[in-house]
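S.K.: This is the structure I have questions about; it appears just below.
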Amino acid sequence: MKDLRPGTVFLIGAGPGDPDLLTVKAVRALGRADVVVYDRLVSPEILALAPTQAERIDVGKLPKRHKVPQDQINEILLRLARQGQTVARLKGGDPLIFGRGSEEALVLRGAGIPCHYIPGITAAQGAASTTGVPLTHRGLATGVRYVTGHRARDASLDLDWFSLASGDTTLVIYMGAANIGEIADNLMAHGLPADTPAMAVSAATTPRQQSVFAPLNELAGNAVIADLPAPVLFVVGQVVSLGAETAPVQETSDHVLAQV
Ligand SMILES: C[S@@+](CC[C@H](N)C(=O)[O-])C[C@H]1O[C@@H](n2cnc3c(N)ncnc32)[C@H](O)[C@@H]1O
């Protein structure tokens, strides 16, 4: 096997949860790791793909359950790379979709450290496949937008509500659980009909997945949705009407694959 340049960092997307959704390239890079630096949403089955002797560093939480601040994560990556270790930096979903992968790459490349992205399946794609809700569909959605529903402490959600309220685009809202009421109200105030189909999906692609369908004006008041465990993703748009009639696809595809 060819030697890697000492101190190489792979910024790897671990996908939405199902370990079978990892890319072949991600598995290869994990297998070369001296150390794995991983986020909260990365499953134990995926971590197990790294060599047993590889060090594992959890930056998803500290003992008091707070996330490790981003500048500390950057410092950890810099330190490990400068020691000449091959680093697998594992992130949930795709590292370049609300994953801060590019922030880490900027720091690493700025320090002259070789660093490579390995894409992962983002939560929206995982949820689409397991709920049967397509992200685009001819006649229902001409495009899809991924938006963040998260706001920094005390800040208001600064989104372009007029353009987001376009009825022919699918909206996928990441990190929106805490603010879904405000998001739905703004979308309706800017013209999106109250009866626009919507769904919330928790832990998509994992055995714990739950999906709940409700029109836009009932998303926030729905008690089942309010109780869904993190991580939760919202999909809003006419495409959601196709999913309600579809059986959970993951179970079916897993069963079919188990038989071959
Ligand atoms: C910091 S973002 C990371 C997104 C990730 N980089 C990706 O591409 O999926 C975390 C948010 O992603 C969404 N998310 C991630 N994994 C999910 C899953 N398996 N099911 C539902 N939502 C998920 C949730 O909205 C969660 O709050």
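Residue numbering restarts at 1 in every chain; chains get A, B, ... in the order shown in the structure tokens, and ligands count up from 1 in that same order.
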Identify, on the basis of only C-alpha atoms, every residue whose closest approach to Pro16 (chain A) does not exceed 7 Å; exclude the query and any residue fewer than 3 positions from it along the same chain; express the result as a ChimeraX atom specification.
M.R.: /A:92-93,121-123,126,204-205
S.K.: What residues of the protein or nucleic acid chains come within 8 Å of ligand 1 when you use only C-alpha atoms and all ligand atoms? Reply as a ChimeraX atom specification.
M.R.: /A:13,15-17,41,91-100,120-124,126-127,173-177,201-206,209,230-234
S.K.: Which residues are near Arg138 (chain A)? Cut-off 12 Å, only C-alpha atoms, ignore same chain within fewer than 6 positions. Put them as a list in words.
M.R.: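 The residues that qualify are Asp168, Thr169, Thr170, Gln238, Val239 and Leu242 of chain A.
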S.K.: Residues near region 25-34 of chain A, anyone? I mean within 10 Å using only C-alpha atoms, not counting same-chain ones fewer than 3 positions away, as a PyMOL selection string.
M.R.: chain A and resi 3-4+7-15+22+37+46-56+80+84-90+117-120
S.K.: Could you take the residues named above and write them with N, CA, C and O atoms, as a short mmCIF file (atom, residue, chain, number, x, y, z; two decimals), in the first residue's frame?
M.R.:
data_model
loop_
_atom_site.label_atom_id
_atom_site.label_comp_id
_atom_site.auth_asym_id
_atom_site.auth_seq_id
_atom_site.Cartn_x
_atom_site.Cartn_y
_atom_site.Cartn_z
N ASP A 3 2.40 4.83 0.78
CA ASP A 3 2.39 5.64 2.01
C ASP A 3 1.67 6.96 1.76
O ASP A 3 1.80 7.55 0.70
N LEU A 4 0.96 7.40 2.76
CA LEU A 4 0.32 8.72 2.68
C LEU A 4 1.33 9.76 3.12
O LEU A 4 2.26 9.45 3.88
N GLY A 7 0.77 13.34 8.23
CA GLY A 7 -0.06 14.46 8.67
C GLY A 7 -1.22 14.77 7.74
O GLY A 7 -1.76 15.87 7.77
N THR A 8 -1.63 13.79 6.93
CA THR A 8 -2.79 14.03 6.05
C THR A 8 -4.08 13.99 6.86
O THR A 8 -4.25 13.12 7.72
N VAL A 9 -4.99 14.92 6.56
CA VAL A 9 -6.31 14.92 7.21
C VAL A 9 -7.38 14.65 6.15
O VAL A 9 -7.42 15.31 5.12
N PHE A 10 -8.24 13.65 6.43
CA PHE A 10 -9.40 13.40 5.57
C PHE A 10 -10.63 13.94 6.27
O PHE A 10 -10.92 13.55 7.40
N LEU A 11 -11.35 14.84 5.62
CA LEU A 11 -12.60 15.37 6.16
C LEU A 11 -13.72 14.54 5.56
O LEU A 11 -14.08 14.71 4.39
N ILE A 12 -14.24 13.61 6.36
CA ILE A 12 -15.08 12.54 5.82
C ILE A 12 -16.54 12.70 6.23
O ILE A 12 -16.85 12.89 7.40
N GLY A 13 -17.42 12.55 5.26
CA GLY A 13 -18.85 12.52 5.56
C GLY A 13 -19.25 11.11 5.96
O GLY A 13 -19.03 10.16 5.21
N ALA A 14 -19.85 10.98 7.14
CA ALA A 14 -20.23 9.65 7.64
C ALA A 14 -21.66 9.28 7.24
O ALA A 14 -22.13 8.21 7.58
N GLY A 15 -22.35 10.19 6.53
CA GLY A 15 -23.73 9.91 6.14
C GLY A 15 -24.69 10.12 7.29
O GLY A 15 -24.30 10.49 8.41
N LEU A 22 -22.30 4.66 3.95
CA LEU A 22 -20.95 5.23 3.86
C LEU A 22 -20.38 4.97 2.46
O LEU A 22 -20.65 3.92 1.88
N VAL A 37 -11.26 11.65 14.66
CA VAL A 37 -11.86 12.75 15.42
C VAL A 37 -13.31 12.82 14.95
O VAL A 37 -13.57 13.09 13.77
N ILE A 46 -19.86 2.80 12.44
CA ILE A 46 -18.94 3.47 11.51
C ILE A 46 -17.57 3.66 12.18
O ILE A 46 -16.53 3.41 11.57
N LEU A 47 -17.59 4.03 13.43
CA LEU A 47 -16.32 4.18 14.15
C LEU A 47 -15.55 2.86 14.18
O LEU A 47 -14.31 2.84 14.14
N ALA A 48 -16.29 1.76 14.22
CA ALA A 48 -15.66 0.44 14.30
C ALA A 48 -14.88 0.11 13.03
O ALA A 48 -14.10 -0.85 13.02
N LEU A 49 -15.08 0.87 11.96
CA LEU A 49 -14.38 0.58 10.71
C LEU A 49 -12.94 1.11 10.72
O LEU A 49 -12.15 0.78 9.84
N ALA A 50 -12.62 1.92 11.70
CA ALA A 50 -11.22 2.38 11.83
C ALA A 50 -10.40 1.26 12.47
O ALA A 50 -10.95 0.40 13.16
N PRO A 51 -9.08 1.23 12.22
CA PRO A 51 -8.26 0.19 12.83
C PRO A 51 -8.46 0.19 14.35
O PRO A 51 -8.63 1.26 14.96
N THR A 52 -8.42 -0.99 14.96
CA THR A 52 -8.70 -1.06 16.40
C THR A 52 -7.70 -0.23 17.21
O THR A 52 -8.04 0.33 18.24
N GLN A 53 -6.46 -0.16 16.68
CA GLN A 53 -5.45 0.58 17.45
C GLN A 53 -5.54 2.10 17.25
O GLN A 53 -4.87 2.86 17.95
N ALA A 54 -6.40 2.56 16.32
CA ALA A 54 -6.50 4.01 16.08
C ALA A 54 -7.11 4.70 17.30
O ALA A 54 -8.08 4.20 17.88
N GLU A 55 -6.52 5.84 17.63
CA GLU A 55 -7.08 6.62 18.74
C GLU A 55 -8.42 7.23 18.30
O GLU A 55 -8.58 7.60 17.13
N ARG A 56 -9.38 7.31 19.22
CA ARG A 56 -10.68 7.91 18.88
C ARG A 56 -10.92 9.11 19.78
O ARG A 56 -10.87 8.98 21.00
N LEU A 80 -2.60 17.07 15.78
CA LEU A 80 -2.46 15.68 15.32
C LEU A 80 -1.73 15.63 13.97
O LEU A 80 -0.85 14.79 13.75
N GLY A 84 2.30 14.22 12.49
CA GLY A 84 2.51 13.30 11.37
C GLY A 84 1.47 12.19 11.30
O GLY A 84 1.62 11.23 10.54
N GLN A 85 0.39 12.32 12.07
CA GLN A 85 -0.62 11.26 12.09
C GLN A 85 -1.58 11.41 10.90
O GLN A 85 -1.84 12.53 10.43
N THR A 86 -2.11 10.28 10.45
CA THR A 86 -3.17 10.32 9.45
C THR A 86 -4.49 10.46 10.20
O THR A 86 -4.83 9.62 11.04
N VAL A 87 -5.21 11.55 9.91
CA VAL A 87 -6.39 11.88 10.70
C VAL A 87 -7.66 11.68 9.88
O VAL A 87 -7.77 12.20 8.76
N ALA A 88 -8.60 10.90 10.42
CA ALA A 88 -9.93 10.81 9.82
C ALA A 88 -10.83 11.72 10.64
O ALA A 88 -11.11 11.44 11.81
N ARG A 89 -11.25 12.82 10.04
CA ARG A 89 -12.17 13.74 10.72
C ARG A 89 -13.58 13.39 10.23
O ARG A 89 -13.96 13.73 9.11
N LEU A 90 -14.31 12.68 11.10
CA LEU A 90 -15.62 12.13 10.69
C LEU A 90 -16.75 13.05 11.12
O LEU A 90 -16.88 13.38 12.30
N TYR A 117 -11.38 16.27 1.11
CA TYR A 117 -12.78 16.02 1.43
C TYR A 117 -13.21 14.66 0.88
O TYR A 117 -12.84 14.28 -0.23
N ILE A 118 -14.01 13.96 1.66
CA ILE A 118 -14.68 12.75 1.16
C ILE A 118 -16.17 12.94 1.44
O ILE A 118 -16.57 13.05 2.60
N PRO A 119 -16.98 13.04 0.37
CA PRO A 119 -18.39 13.39 0.61
C PRO A 119 -19.17 12.30 1.32
O PRO A 119 -18.77 11.12 1.32
N GLY A 120 -20.27 12.72 1.92
CA GLY A 120 -21.18 11.77 2.56
C GLY A 120 -22.60 12.07 2.11
O GLY A 120 -22.87 13.13 1.55
#
S.K.: Please give the complete set of residues from region 25-260 of chain A that DSSP, run on the backbone, assigns to strand (DSSP E or B), formatted as a PyMOL selection string.
M.R.: chain A and resi 35-38+55-58+87-91+93+115-118+137+141+143-148+169-174+197-202+210-215+232-236
S.K.: For Leu187 (chain A), please output as a ChimeraX atom specification all residues within 9 Å (counting only C-alpha atoms; exclusion window: fewer than 3 positions along the same chain).
M.R.: /A:161-162,164-166,182-184,190-194,216
S.K.: Please save C-alpha atoms of the selected residues as a short mmCIF file (atom, residue, chain, number, x, y, z; two decimals), in the first residue's frame.
M.R.:
data_model
loop_
_atom_site.label_atom_id
_atom_site.label_comp_id
_atom_site.auth_asym_id
_atom_site.auth_seq_id
_atom_site.Cartn_x
_atom_site.Cartn_y
_atom_site.Cartn_z
CA TRP A 161 -38.42 34.55 3.60
CA PHE A 162 -39.82 35.93 0.32
CA LEU A 164 -38.07 30.67 0.58
CA ALA A 165 -41.86 30.92 0.42
CA SER A 166 -41.86 29.98 -3.27
CA GLU A 182 -41.14 30.88 13.86
CA ILE A 183 -40.07 29.33 10.55
CA ALA A 184 -43.57 28.14 9.64
CA HIS A 190 -44.65 35.53 3.09
CA GLY A 191 -47.17 33.63 1.02
CA LEU A 192 -46.65 29.88 1.42
CA PRO A 193 -50.12 28.33 1.81
CA ALA A 194 -50.96 27.03 5.29
CA LEU A 216 -47.27 23.60 7.38
#
S.K.: Figure out the distance between CA of Leu171 (chain A) and CA of Asp158 (chain A), please, to one decimal in Å.
M.R.: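 Atom-to-atom, CA of Asp158 (chain A) to CA of Leu171 (chain A), that is 15.7 Å.
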S.K.: Find the distance between CA of Ala223 (chain A) and CA of Ala198 (chain A) and write it in Å to one decimal.
M.R.: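 CA of Ala198 (chain A) lies 14.9 Å from CA of Ala223 (chain A).
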S.K.: Pick out the closest residue to Val172 (chain A) from this set: A:Val240, A:Gly110, A:Val212, A:Cys115. Count only C-alpha atoms.
M.R.: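 Of A:Val240, A:Gly110, A:Val212, A:Cys115, the one nearest Val172 (chain A) is A:Val240, counting only C-alpha atoms.
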S.K.: Quote the spacing between CA of Ser129 (chain A) and CA of Asp20 (chain A) in Å to one decimal place.
M.R.: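 For CA of Ser129 (chain A) relative to CA of Asp20 (chain A), the distance reads 13.3 Å.
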S.K.: Got a sec to tell me which of region 62-221 of chain A DSSP assigns to helix (DSSP H, G or I), as a ChimeraX atom specification?
M.R.: /A:70-82,101-110,123-131,161-164,177-189,216-218
S.K.: Would you mind listing what lies within 10 Å of Ala226 (chain A) as a list in words, with only C-alpha atoms counted and same-chain residues fewer than 3 positions away left out?
M.R.: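 So, after excluding close chain neighbours, the residues are Ala177, Ala178, Ile180, Ala200, Leu219, Ala220, Gly221, Asn222, Ala223 and Pro229 of chain A.
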S.K.: Taking only C-alpha atoms into account, which of A:Ile225, A:Pro19, A:Ile57, A:Glu103 comes nearest Arg40 (chain A)?
M.R.: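 Of all the options, A:Ile57 lies closest to Arg40 (chain A).
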